[in-house]
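Data file: coords.txt. Format and content: compact mmCIF, C-alpha atoms.
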```txt
# COMPACT_ATOMS: atom_id res chain seq x y z
CA MET T 22 -53.16 115.29 170.61
CA ASP T 23 -52.01 116.50 174.03
CA THR T 24 -49.99 113.85 175.92
CA THR T 25 -49.11 115.91 179.01
CA HIS T 26 -51.65 113.92 181.04
CA PHE T 27 -49.43 110.86 180.62
CA ASP T 28 -47.07 112.39 183.17
CA ALA T 29 -49.82 112.37 185.79
CA ILE T 30 -50.34 108.59 185.65
CA GLY T 31 -48.97 107.22 188.92
CA LEU T 32 -47.69 103.87 190.12
CA ASP T 33 -50.82 103.29 192.20
CA ASP T 34 -52.96 103.81 189.09
CA LEU T 35 -50.92 101.27 187.15
CA ARG T 36 -50.92 98.66 189.89
CA ALA T 37 -54.67 99.06 190.32
CA GLY T 38 -55.11 97.90 186.73
CA GLY T 39 -53.98 94.43 187.79
CA GLY T 40 -51.87 93.71 184.72
CA LEU T 41 -48.89 91.36 184.84
CA LYS T 42 -46.40 94.18 184.27
CA TRP T 43 -47.35 95.85 187.56
CA VAL T 44 -48.32 92.96 189.84
CA ALA T 45 -45.69 90.29 189.07
CA PHE T 46 -43.06 92.28 191.00
CA PRO T 47 -45.06 94.54 193.33
CA ASP T 48 -41.91 96.04 194.88
CA CYS T 49 -40.50 97.04 191.47
CA ILE T 50 -41.17 99.39 188.61
CA GLY T 51 -42.32 97.06 185.85
CA ALA T 52 -40.26 97.47 182.70
CA PHE T 53 -40.19 93.92 181.38
CA VAL T 54 -43.52 93.28 179.62
CA ALA T 55 -43.82 94.85 176.14
CA GLU T 56 -46.90 96.97 176.59
CA MET T 57 -47.55 100.68 177.11
CA ASP T 58 -48.95 102.52 180.13
CA PHE T 59 -50.84 105.24 178.26
CA GLY T 60 -54.34 103.80 178.15
CA LEU T 61 -56.37 103.69 174.95
CA ALA T 62 -56.87 106.00 172.02
CA PRO T 63 -60.24 107.74 172.53
CA PRO T 64 -61.84 106.25 169.37
CA ILE T 65 -60.88 102.75 170.51
CA ALA T 66 -62.17 103.32 174.04
CA ALA T 67 -65.45 104.61 172.64
CA ALA T 68 -65.80 101.62 170.33
CA LEU T 69 -65.16 99.17 173.17
CA HIS T 70 -67.71 100.88 175.41
CA GLU T 71 -70.22 100.63 172.58
CA THR T 72 -69.27 96.99 172.04
CA ILE T 73 -70.06 96.09 175.65
CA ALA T 74 -73.18 98.24 175.81
CA GLY T 75 -74.45 96.61 172.64
CA GLY T 76 -73.75 93.09 173.85
CA ARG T 77 -71.33 92.41 171.00
CA THR T 78 -69.42 89.72 172.85
CA GLY T 79 -70.44 86.68 170.83
CA TYR T 80 -68.39 84.69 168.35
CA LEU T 81 -66.84 86.49 165.42
CA SER T 82 -68.90 87.20 162.35
CA ALA T 83 -67.63 87.46 158.80
CA SER T 84 -68.68 91.10 158.65
CA LEU T 85 -66.36 91.97 161.54
CA THR T 86 -63.37 90.07 160.18
CA ASP T 87 -63.96 91.52 156.70
CA ALA T 88 -64.00 95.05 158.16
CA MET T 89 -60.78 94.39 160.05
CA ALA T 90 -59.08 93.04 156.93
CA GLU T 91 -60.11 96.13 154.95
CA ALA T 92 -58.84 98.42 157.71
CA CYS T 93 -55.55 96.52 158.03
CA ALA T 94 -55.00 96.61 154.27
CA GLY T 95 -55.74 100.34 154.20
CA TRP T 96 -53.27 100.99 157.02
CA HIS T 97 -50.51 99.12 155.18
CA ALA T 98 -51.21 100.94 151.94
CA ASP T 99 -51.25 104.39 153.53
CA ARG T 100 -48.41 103.94 156.02
CA TYR T 101 -46.01 101.66 154.13
CA GLY T 102 -47.03 101.82 150.49
CA TRP T 103 -47.93 98.13 150.38
CA ALA T 104 -51.50 97.11 149.58
CA PRO T 105 -52.17 93.47 150.50
CA ALA T 106 -55.51 92.19 149.30
CA PRO T 107 -58.01 92.16 152.20
CA GLU T 108 -59.03 88.58 151.41
CA ARG T 109 -55.46 87.54 152.24
CA ILE T 110 -55.63 89.04 155.76
CA HIS T 111 -56.86 86.55 158.34
CA PRO T 112 -57.74 86.88 162.04
CA LEU T 113 -55.56 85.40 164.78
CA PRO T 114 -55.55 85.73 168.55
CA ASP T 115 -51.82 86.53 168.60
CA ILE T 116 -48.50 86.23 166.77
CA LEU T 117 -47.44 83.00 168.49
CA THR T 118 -50.63 81.29 167.35
CA GLY T 119 -49.84 82.42 163.81
CA LEU T 120 -46.39 80.87 164.03
CA GLU T 121 -47.75 77.62 165.45
CA LEU T 122 -50.41 77.30 162.77
CA ALA T 123 -47.89 78.10 160.03
CA LEU T 124 -45.53 75.43 161.32
CA ARG T 125 -48.30 72.86 161.60
CA HIS T 126 -50.12 73.53 158.35
CA LEU T 127 -48.09 75.62 155.90
CA LEU T 128 -44.64 74.02 156.21
CA PRO T 129 -43.19 70.50 156.07
CA GLU T 130 -43.37 68.62 159.35
CA ARG T 131 -40.58 69.45 161.84
CA THR T 132 -38.98 72.02 159.56
CA PRO T 133 -35.72 73.26 161.13
CA VAL T 134 -35.96 76.98 161.89
CA VAL T 135 -33.32 79.73 161.81
CA VAL T 136 -33.67 82.33 164.56
CA PRO T 137 -31.41 85.41 164.42
CA SER T 138 -30.66 86.06 168.06
CA PRO T 139 -31.22 87.63 170.48
CA ASN T 140 -34.92 87.52 169.70
CA TYR T 141 -38.40 87.68 171.19
CA MET T 142 -38.26 85.36 174.18
CA PRO T 143 -41.11 82.88 173.46
CA PHE T 144 -40.07 81.97 169.90
CA VAL T 145 -37.35 79.43 170.71
CA PRO T 146 -39.26 77.62 173.51
CA LEU T 147 -42.34 77.37 171.28
CA LEU T 148 -40.34 75.99 168.36
CA ARG T 149 -38.74 73.36 170.56
CA LEU T 150 -42.05 72.47 172.20
CA LEU T 151 -43.45 71.77 168.74
CA GLY T 152 -40.50 69.54 167.89
CA HIS T 153 -38.53 71.83 165.56
CA GLU T 154 -34.76 72.05 165.50
CA VAL T 155 -33.70 75.63 166.26
CA ILE T 156 -30.58 77.09 164.69
CA GLU T 157 -29.70 80.31 166.49
CA VAL T 158 -27.60 82.74 164.48
CA PRO T 159 -26.29 85.57 166.67
CA MET T 160 -26.53 89.07 165.23
CA ARG T 161 -23.32 90.91 164.38
CA ASP T 162 -22.23 94.09 166.12
CA ALA T 163 -20.81 95.94 163.12
CA GLU T 164 -19.74 99.59 163.06
CA GLY T 165 -22.11 100.63 165.79
CA THR T 166 -25.20 98.81 164.60
CA TRP T 167 -26.68 95.33 164.78
CA THR T 168 -26.72 93.48 161.46
CA PHE T 169 -27.48 90.00 160.21
CA ASP T 170 -24.55 87.58 160.04
CA GLU T 171 -25.27 86.79 156.41
CA PRO T 172 -22.66 84.01 155.94
CA ALA T 173 -23.95 82.31 159.09
CA LEU T 174 -27.55 82.61 157.85
CA ASP T 175 -26.53 81.05 154.56
CA ALA T 176 -24.81 78.20 156.40
CA ALA T 177 -27.87 77.62 158.60
CA PHE T 178 -30.11 77.28 155.56
CA ALA T 179 -27.53 74.98 153.97
CA ARG T 180 -27.85 72.74 157.05
CA GLY T 181 -31.47 72.17 156.13
CA ALA T 182 -33.41 75.00 157.75
CA GLY T 183 -36.61 75.66 155.87
CA LEU T 184 -37.88 78.72 157.75
CA ALA T 185 -36.37 81.85 159.28
CA ILE T 186 -37.93 84.07 161.93
CA LEU T 187 -37.61 87.72 160.95
CA CYS T 188 -38.61 90.20 163.67
CA ASN T 189 -38.89 93.67 162.10
CA PRO T 190 -38.85 96.12 163.83
CA HIS T 191 -36.64 93.96 165.97
CA ASN T 192 -37.48 92.89 169.49
CA PRO T 193 -35.27 93.40 171.53
CA LEU T 194 -32.61 95.19 169.44
CA GLY T 195 -34.86 97.97 168.13
CA ARG T 196 -33.51 97.74 164.58
CA VAL T 197 -35.72 98.79 161.66
CA TYR T 198 -34.19 96.97 158.73
CA THR T 199 -33.59 98.79 155.47
CA ARG T 200 -34.92 97.61 152.15
CA ALA T 201 -31.37 96.65 151.12
CA GLU T 202 -30.86 94.51 154.25
CA LEU T 203 -34.18 92.75 153.73
CA ALA T 204 -33.40 92.16 150.05
CA ARG T 205 -30.14 90.44 150.98
CA PHE T 206 -31.98 88.36 153.59
CA SER T 207 -34.52 87.33 150.95
CA ALA T 208 -31.79 86.42 148.46
CA ILE T 209 -30.13 84.13 151.00
CA ALA T 210 -33.43 82.40 151.77
CA ALA T 211 -34.16 82.08 148.05
CA ARG T 212 -30.90 80.24 147.39
CA HIS T 213 -32.15 77.48 149.67
CA GLY T 214 -35.86 77.55 148.87
CA ALA T 215 -36.62 78.68 152.44
CA ARG T 216 -39.60 80.54 153.88
CA VAL T 217 -39.69 83.57 156.18
CA PHE T 218 -42.05 84.18 159.10
CA ALA T 219 -42.11 87.99 159.34
CA ASP T 220 -43.17 89.23 162.77
CA GLU T 221 -44.06 92.87 162.05
CA ILE T 222 -46.11 93.59 165.15
CA HIS T 223 -43.97 96.62 166.04
CA GLY T 224 -44.31 98.11 162.54
CA PRO T 225 -46.37 101.14 163.70
CA LEU T 226 -43.67 102.06 166.25
CA VAL T 227 -40.87 103.54 164.14
CA TYR T 228 -38.95 106.79 164.70
CA GLY T 229 -38.00 109.03 161.79
CA PRO T 230 -36.06 109.04 159.55
CA HIS T 231 -36.43 105.26 159.66
CA ARG T 232 -39.30 103.60 157.85
CA HIS T 233 -40.84 100.17 158.23
CA VAL T 234 -40.62 98.07 155.06
CA PRO T 235 -42.97 95.06 155.06
CA TYR T 236 -40.95 92.03 153.99
CA ALA T 237 -43.57 90.83 151.53
CA SER T 238 -43.52 94.23 149.79
CA LEU T 239 -39.99 93.66 148.43
CA GLY T 240 -41.24 91.87 145.34
CA PRO T 241 -42.74 88.59 144.08
CA GLU T 242 -39.94 86.38 145.41
CA ALA T 243 -40.13 87.76 148.95
CA ALA T 244 -43.94 87.71 148.82
CA ALA T 245 -43.83 83.99 148.01
CA GLN T 246 -41.45 83.39 150.92
CA ALA T 247 -43.33 85.48 153.45
CA ILE T 248 -45.81 84.55 156.13
CA THR T 249 -46.52 87.95 157.71
CA ALA T 250 -47.90 88.36 161.21
CA THR T 251 -48.95 91.75 162.54
CA SER T 252 -51.41 93.44 164.87
CA ALA T 253 -52.51 96.78 166.27
CA SER T 254 -51.76 95.43 169.74
CA LYS T 255 -48.32 97.04 170.23
CA GLY T 256 -48.93 100.37 168.50
CA TRP T 257 -52.25 100.98 170.25
CA ASN T 258 -51.72 98.99 173.45
CA LEU T 259 -54.30 96.23 172.94
CA PRO T 260 -52.44 92.98 173.81
CA GLY T 261 -55.05 91.67 176.24
CA LEU T 262 -57.79 91.84 173.62
CA LYS T 263 -56.28 88.88 171.70
CA CYS T 264 -56.39 89.89 168.09
CA ALA T 265 -53.73 89.79 165.36
CA GLN T 266 -53.59 89.34 161.61
CA LEU T 267 -51.85 86.83 159.35
CA ILE T 268 -51.17 88.16 155.86
CA LEU T 269 -50.65 85.41 153.30
CA SER T 270 -48.91 86.56 150.11
CA ASN T 271 -48.11 83.00 148.99
CA ASP T 272 -50.87 81.47 146.85
CA GLU T 273 -50.50 77.94 148.21
CA ASP T 274 -50.61 79.23 151.80
CA GLN T 275 -53.79 81.09 151.00
CA ALA T 276 -55.44 78.00 149.55
CA ARG T 277 -54.47 75.87 152.55
CA TRP T 278 -55.65 78.50 155.02
CA ARG T 279 -59.03 78.76 153.35
CA ARG T 280 -59.47 75.02 153.86
CA MET T 281 -58.70 75.52 157.57
CA ALA T 282 -61.08 78.43 158.09
CA PRO T 283 -62.90 79.25 160.32
CA LEU T 284 -61.04 77.05 162.84
CA ALA T 285 -57.71 78.83 162.30
CA GLY T 286 -58.89 82.11 163.77
CA HIS T 287 -61.49 80.68 166.13
CA ALA T 288 -59.81 81.91 169.33
CA THR T 289 -59.69 85.54 168.16
CA ALA T 290 -61.76 87.82 170.39
CA THR T 291 -64.63 89.87 168.98
CA PRO T 292 -63.75 93.02 171.03
CA GLY T 293 -60.17 92.67 169.84
CA VAL T 294 -61.23 92.61 166.20
CA ILE T 295 -63.36 95.71 166.72
CA ALA T 296 -60.51 97.49 168.53
CA ASN T 297 -57.97 96.60 165.82
CA THR T 298 -60.34 97.83 163.12
CA VAL T 299 -60.81 101.19 164.83
CA ALA T 300 -57.07 101.50 165.51
CA TYR T 301 -56.20 101.09 161.85
CA ARG T 302 -58.98 103.43 160.71
CA GLU T 303 -59.08 106.14 163.37
CA GLY T 304 -56.05 105.79 165.62
CA ARG T 305 -53.36 107.55 163.60
CA ASP T 306 -53.36 110.88 165.42
CA TRP T 307 -53.14 109.16 168.80
CA LEU T 308 -50.32 106.90 167.59
CA ASP T 309 -48.31 109.80 166.19
CA ALA T 310 -48.67 111.71 169.46
CA VAL T 311 -47.60 108.66 171.46
CA LEU T 312 -44.61 108.17 169.19
CA ALA T 313 -43.53 111.74 169.90
CA TYR T 314 -43.84 111.08 173.65
CA LEU T 315 -41.90 107.82 173.29
CA ASP T 316 -39.22 109.67 171.38
CA GLY T 317 -38.81 111.94 174.39
CA ASN T 318 -38.54 108.90 176.64
CA ARG T 319 -36.00 107.39 174.29
CA ALA T 320 -33.89 110.55 174.55
CA LEU T 321 -34.18 110.48 178.36
CA VAL T 322 -32.88 106.89 178.46
CA ALA T 323 -29.93 107.87 176.24
CA GLU T 324 -29.06 110.86 178.42
CA ARG T 325 -29.32 109.05 181.75
CA VAL T 326 -27.37 106.02 180.60
CA ARG T 327 -24.62 108.30 179.28
CA THR T 328 -24.39 110.46 182.41
CA ASP T 329 -25.36 108.11 185.24
CA MET T 330 -24.49 104.56 184.20
CA PRO T 331 -20.79 104.18 183.42
CA GLY T 332 -20.03 100.78 181.96
CA VAL T 333 -23.49 100.43 180.38
CA GLY T 334 -23.82 100.67 176.60
CA PHE T 335 -26.90 101.87 174.74
CA ARG T 336 -27.91 102.50 171.15
CA ALA T 337 -31.17 104.32 170.65
CA PRO T 338 -33.69 101.96 169.04
CA GLU T 339 -34.90 102.85 165.55
CA GLY T 340 -38.29 101.35 166.36
CA THR T 341 -40.24 99.81 169.29
CA TYR T 342 -40.21 101.18 172.83
CA LEU T 343 -37.53 98.73 173.97
CA ALA T 344 -34.03 99.72 175.06
CA TRP T 345 -31.34 97.03 174.77
CA LEU T 346 -28.72 97.86 177.40
CA ASP T 347 -25.24 96.35 177.30
CA CYS T 348 -24.22 95.66 180.90
CA ARG T 349 -21.23 93.44 180.17
CA GLY T 350 -18.91 96.20 181.38
CA LEU T 351 -20.28 96.13 184.91
CA ALA T 352 -18.04 94.59 187.53
CA PRO T 353 -17.45 92.11 188.94
CA ALA T 354 -17.85 89.56 186.18
CA ASP T 355 -18.98 86.81 188.56
CA ALA T 356 -21.78 88.94 190.07
CA PRO T 357 -25.46 88.09 189.58
CA SER T 358 -26.92 88.81 186.16
CA PRO T 359 -27.62 92.50 185.47
CA ALA T 360 -31.36 91.82 185.47
CA ARG T 361 -31.09 90.46 189.02
CA ARG T 362 -29.00 93.44 190.07
CA PHE T 363 -31.54 95.91 188.78
CA ARG T 364 -34.44 93.99 190.29
CA ALA T 365 -32.75 94.20 193.68
CA SER T 366 -32.76 97.99 193.16
CA GLY T 367 -36.47 98.02 192.34
CA VAL T 368 -36.69 97.76 188.55
CA ALA T 369 -37.94 94.59 186.85
CA LEU T 370 -36.33 94.14 183.41
CA THR T 371 -36.02 91.31 180.91
CA ASP T 372 -32.81 89.34 181.26
CA GLY T 373 -31.01 89.37 177.91
CA ALA T 374 -30.05 85.72 178.36
CA ASP T 375 -33.75 84.87 178.03
CA CYS T 376 -33.62 86.32 174.50
CA GLY T 377 -31.22 83.64 173.28
CA ALA T 378 -27.63 83.39 172.14
CA GLY T 379 -25.82 86.70 172.28
CA GLY T 380 -28.13 88.17 174.88
CA GLU T 381 -26.04 87.32 177.91
CA GLY T 382 -25.00 90.39 179.86
CA PHE T 383 -27.76 92.57 178.39
CA VAL T 384 -31.14 93.69 179.72
CA ARG T 385 -34.26 94.86 177.90
CA LEU T 386 -35.96 97.95 179.27
CA ASN T 387 -39.49 98.93 178.24
CA PHE T 388 -39.57 102.74 178.31
CA ALA T 389 -43.26 103.10 177.33
CA MET T 390 -44.27 104.48 180.71
CA PRO T 391 -45.05 107.92 182.18
CA ARG T 392 -41.86 109.98 182.10
CA PRO T 393 -41.69 110.65 185.86
CA ILE T 394 -41.87 106.90 186.51
CA LEU T 395 -39.26 106.24 183.85
CA SER T 396 -37.00 108.83 185.47
CA GLU T 397 -37.38 107.08 188.82
CA ALA T 398 -36.61 103.71 187.21
CA LEU T 399 -33.45 105.12 185.65
CA SER T 400 -32.39 106.58 189.02
CA ARG T 401 -32.81 103.19 190.66
CA MET T 402 -30.81 101.58 187.88
CA ALA T 403 -28.08 104.20 188.27
CA ASP T 404 -27.90 103.29 191.97
CA ALA T 405 -27.40 99.65 191.03
CA VAL T 406 -24.63 100.60 188.60
CA ARG T 407 -22.86 102.65 191.28
CA GLN T 408 -23.06 99.74 193.69
CA ALA T 409 -21.41 97.53 191.05
CA ALA T 410 -18.49 99.92 190.58
CA PRO T 411 -15.15 98.65 191.95
```
Any chance you could give the structure as structure tokens?
Amino acid sequence: MDTTHFDAIGLDDLRAGGGLKWVAFPDCIGAFVAEMDFGLAPPIAAALHETIAGGRTGYLSASLTDAMAEACAGWHADRYGWAPAPERIHPLPDILTGLELALRHLLPERTPVVVPSPNYMPFVPLLRLLGHEVIEVPMRDAEGTWTFDEPALDAAFARGAGLAILCNPHNPLGRVYTRAELARFSAIAARHGARVFADEIHGPLVYGPHRHVPYASLGPEAAAQAITATSASKGWNLPGLKCAQLILSNDEDQARWRRMAPLAGHATATPGVIANTVAYREGRDWLDAVLAYLDGNRALVAERVRTDMPGVGFRAPEGTYLAWLDCRGLAPADAPSPARRFRASGVALTDGADCGAGGEGFVRLNFAMPRPILSEALSRMADAVRQAAP
């Protein structure tokens, strides 16, 4: 698929769409919300037009959710070599709802939760809102890559944590964990009889030679631990359509969920289910083309940080479209946070401190935007870095 037309998408076009990313900070280039600026895959757009024209905006039917489950299962089998049974794939409006329902109905009340950090910003506030103790375990910077602090994870489970949040591919670090890393993670959880909530929403967004390994595909022990949440929303840019999937590979979870149905997935949107189904069935060519374009953007970020932003560290993400930039080397140390500095220069980023322990001094940049706009954002950021130089 030809992606050259992406370059022609302008700031006025994006702001006219009215989305949060482009209206929250109208004087900035929006690079903080994790969504793409490339529109929809043609098969998905056609299906949504047909959905509206046909008046298919009522409550979900079993036929639609069954079709989505079949499509999701087929995607996992073809892309990752893991074939979850369709009857174990359940509709959700979003990942956070899946976590909330799992905490309320699949786990003991007020289960303490381990969160490797930094992590996706809403997880910790949601856990605390629901009354769960949060044990943040900062990731280790080891030999040029981010890894789990396995002794600290073990100690956190020993303190009584019954669940860990596993974000893979990782938001915001961009890691795509290897099978060996996940197996060690599973072994640690197994020693303490703990469960794992696997947020795999970025699974479609992985750059070669890396490969997404679904946690539950490791084997029977990991499958019994896992509560897997995923969606087509990141890979095909559908977040506003409110549809995700919860894959239950634990038999007791499946039995409990069936007793909760249909209330558990009641807030899932019919157009979102249709869009997710088409994405999994017909959106592969579009996704692969977008990944190639994102790879070019990823290379541009690496080049411009290296040449134009002294004092800023960057490791190319293995997955996602999120760049995790280390700004701790910028001077002076008592200056405003790097996110505030960059916003003053006209680029709205996510403050790493909002991602939890270990995120201070970092920013998260979403590079899933037209390349000319990304280039302008990087130029503005380079100006901010120059202004910070002693």
Rounded to one decimal place, report the atom CA of T:Arg279-atom CA of T:Leu124 distance in Å. 16.0 Å
Go through T:Thr289, T:Glu202, T:Thr341, T:Asn318 and flag the residue nearest T:Ile222, using all atoms listed in the file for the distances. T:Thr341
What does the distance from atom CA of T:Arg180 to atom CA of T:Arg131 come to in Å, to one decimal?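 Atom CA of T:Arg180 sits 14.0 Å away from atom CA of T:Arg131.
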Rank nothing, just name the residue among T:Val136, T:Leu351, T:Leu148, T:Ala389 nearest to T:Ala410, using all atoms listed in the file. T:Leu351
Counting all atoms listed in the file, which of T:His223, T:Asp28, T:Glu56, T:Arg216 gets nearest to T:Asn271?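 Between T:His223, T:Asp28, T:Glu56, T:Arg216, the residue approaching T:Asn271 most closely is T:Arg216.
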Excluding stretch 246-251 of chain T and its own-chain neighbours fewer than 2 positions away, which residues fall within 8 Å of it when counting all atoms listed in the file? Please give them as a PyMOL selection string. chain T and resi 116+119+123+207+211+215-224+236-237+242-244+253+265-271
Using atom CA of T:Pro391 and atom CA of T:Asn192 as the two end points, give the distance in Å to one decimal.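 That distance, rounded to one decimal, is 21.1 Å.
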Report as a ChimeraX atom specification all protein, DNA and RNA residues lying within 10 Å of T:Glu121, evaluated on all atoms listed in the file, omitting residues in the same chain fewer than 3 positions from it. /T:116-118,124-127,144,147-148,151
Restricting the calculation to all atoms listed in the file, which member of T:Gly102, T:Pro159, T:Pro47, T:Gly240 is positioned closest to T:Ala378? T:Pro159
Using all atoms listed in the file, which residues sit within 10 Å of T:Gly332 once same-chain residues fewer than 5 positions away are excluded, as a list in words?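 What passes the distance filter is Val326, Arg327, Asp347, Cys348, Arg349, Gly350, Leu351, Ala352, Val406, Arg407, Ala409 and Ala410 of chain T.
Minimum atom-to-atom distance to T:Ala68, evaluated using only C-alpha atoms, belongs to T:Ile295 out of T:Leu120, T:Ile295, T:Leu315, T:Ala403.
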Using all atoms listed in the file, pick whichever of T:Pro260, T:Pro190, T:Pro114, T:Pro133 has the shortest atom-to-atom distance to T:Gly60. T:Pro260
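Polymer residues near (-27.2, 111.0, 186.0): counting all atoms listed in the file with a cut-off of 12 Å, they are Leu321, Val322, Ala323, Glu324, Arg325, Val326, Arg327, Thr328, Asp329, Met330, Pro331, Ser396, Glu397, Ala398, Leu399, Ser400, Arg401, Met402, Ala403, Asp404, Val406 and Arg407 of chain T.
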For stretch 128-135 of chain T, I'd like the enclosing box, axis-aligned and padded by 5 Å on every side, reported as AutoDock Vina command-line options with centre and edge lengths in Å to one decimal.
```
--center_x -39.0 --center_y 74.2 --center_z 159.0 --size_x 21.3 --size_y 21.1 --size_z 15.8
```
Answer as a PyMOL selection string, residues within 10 Å of (-34.3, 70.0, 154.8) using only C-alpha atoms: chain T and resi 129+131-133+178-184+213-215
Neighbour list for T:Pro225 as a PDB file with C-alpha atoms, in the frame of the given file, cut-off 12 Å, only C-alpha atoms, skip fewer than 2 positions in-chain:
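As written to disk, out_22.pdb reads:
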```
ATOM      1  CA  CYS T  93     -55.550  96.520 158.030  1.00  0.00           C
ATOM      2  CA  TRP T  96     -53.270 100.990 157.020  1.00  0.00           C
ATOM      3  CA  HIS T  97     -50.510  99.120 155.180  1.00  0.00           C
ATOM      4  CA  ASP T  99     -51.250 104.390 153.530  1.00  0.00           C
ATOM      5  CA  ARG T 100     -48.410 103.940 156.020  1.00  0.00           C
ATOM      6  CA  TYR T 101     -46.010 101.660 154.130  1.00  0.00           C
ATOM      7  CA  ASN T 189     -38.890  93.670 162.100  1.00  0.00           C
ATOM      8  CA  PRO T 190     -38.850  96.120 163.830  1.00  0.00           C
ATOM      9  CA  VAL T 197     -35.720  98.790 161.660  1.00  0.00           C
ATOM     10  CA  GLU T 221     -44.060  92.870 162.050  1.00  0.00           C
ATOM     11  CA  ILE T 222     -46.110  93.590 165.150  1.00  0.00           C
ATOM     12  CA  HIS T 223     -43.970  96.620 166.040  1.00  0.00           C
ATOM     13  CA  VAL T 227     -40.870 103.540 164.140  1.00  0.00           C
ATOM     14  CA  TYR T 228     -38.950 106.790 164.700  1.00  0.00           C
ATOM     15  CA  GLY T 229     -38.000 109.030 161.790  1.00  0.00           C
ATOM     16  CA  HIS T 231     -36.430 105.260 159.660  1.00  0.00           C
ATOM     17  CA  ARG T 232     -39.300 103.600 157.850  1.00  0.00           C
ATOM     18  CA  HIS T 233     -40.840 100.170 158.230  1.00  0.00           C
ATOM     19  CA  VAL T 234     -40.620  98.070 155.060  1.00  0.00           C
ATOM     20  CA  PRO T 235     -42.970  95.060 155.060  1.00  0.00           C
ATOM     21  CA  THR T 251     -48.950  91.750 162.540  1.00  0.00           C
ATOM     22  CA  SER T 252     -51.410  93.440 164.870  1.00  0.00           C
ATOM     23  CA  ALA T 253     -52.510  96.780 166.270  1.00  0.00           C
ATOM     24  CA  SER T 254     -51.760  95.430 169.740  1.00  0.00           C
ATOM     25  CA  LYS T 255     -48.320  97.040 170.230  1.00  0.00           C
ATOM     26  CA  GLY T 256     -48.930 100.370 168.500  1.00  0.00           C
ATOM     27  CA  TRP T 257     -52.250 100.980 170.250  1.00  0.00           C
ATOM     28  CA  ASN T 258     -51.720  98.990 173.450  1.00  0.00           C
ATOM     29  CA  ALA T 300     -57.070 101.500 165.510  1.00  0.00           C
ATOM     30  CA  TYR T 301     -56.200 101.090 161.850  1.00  0.00           C
ATOM     31  CA  GLY T 304     -56.050 105.790 165.620  1.00  0.00           C
ATOM     32  CA  ARG T 305     -53.360 107.550 163.600  1.00  0.00           C
ATOM     33  CA  TRP T 307     -53.140 109.160 168.800  1.00  0.00           C
ATOM     34  CA  LEU T 308     -50.320 106.900 167.590  1.00  0.00           C
ATOM     35  CA  ASP T 309     -48.310 109.800 166.190  1.00  0.00           C
ATOM     36  CA  VAL T 311     -47.600 108.660 171.460  1.00  0.00           C
ATOM     37  CA  LEU T 312     -44.610 108.170 169.190  1.00  0.00           C
ATOM     38  CA  GLU T 339     -34.900 102.850 165.550  1.00  0.00           C
ATOM     39  CA  GLY T 340     -38.290 101.350 166.360  1.00  0.00           C
ATOM     40  CA  THR T 341     -40.240  99.810 169.290  1.00  0.00           C
ATOM     41  CA  TYR T 342     -40.210 101.180 172.830  1.00  0.00           C
TER      42      TYR T 342
END
```
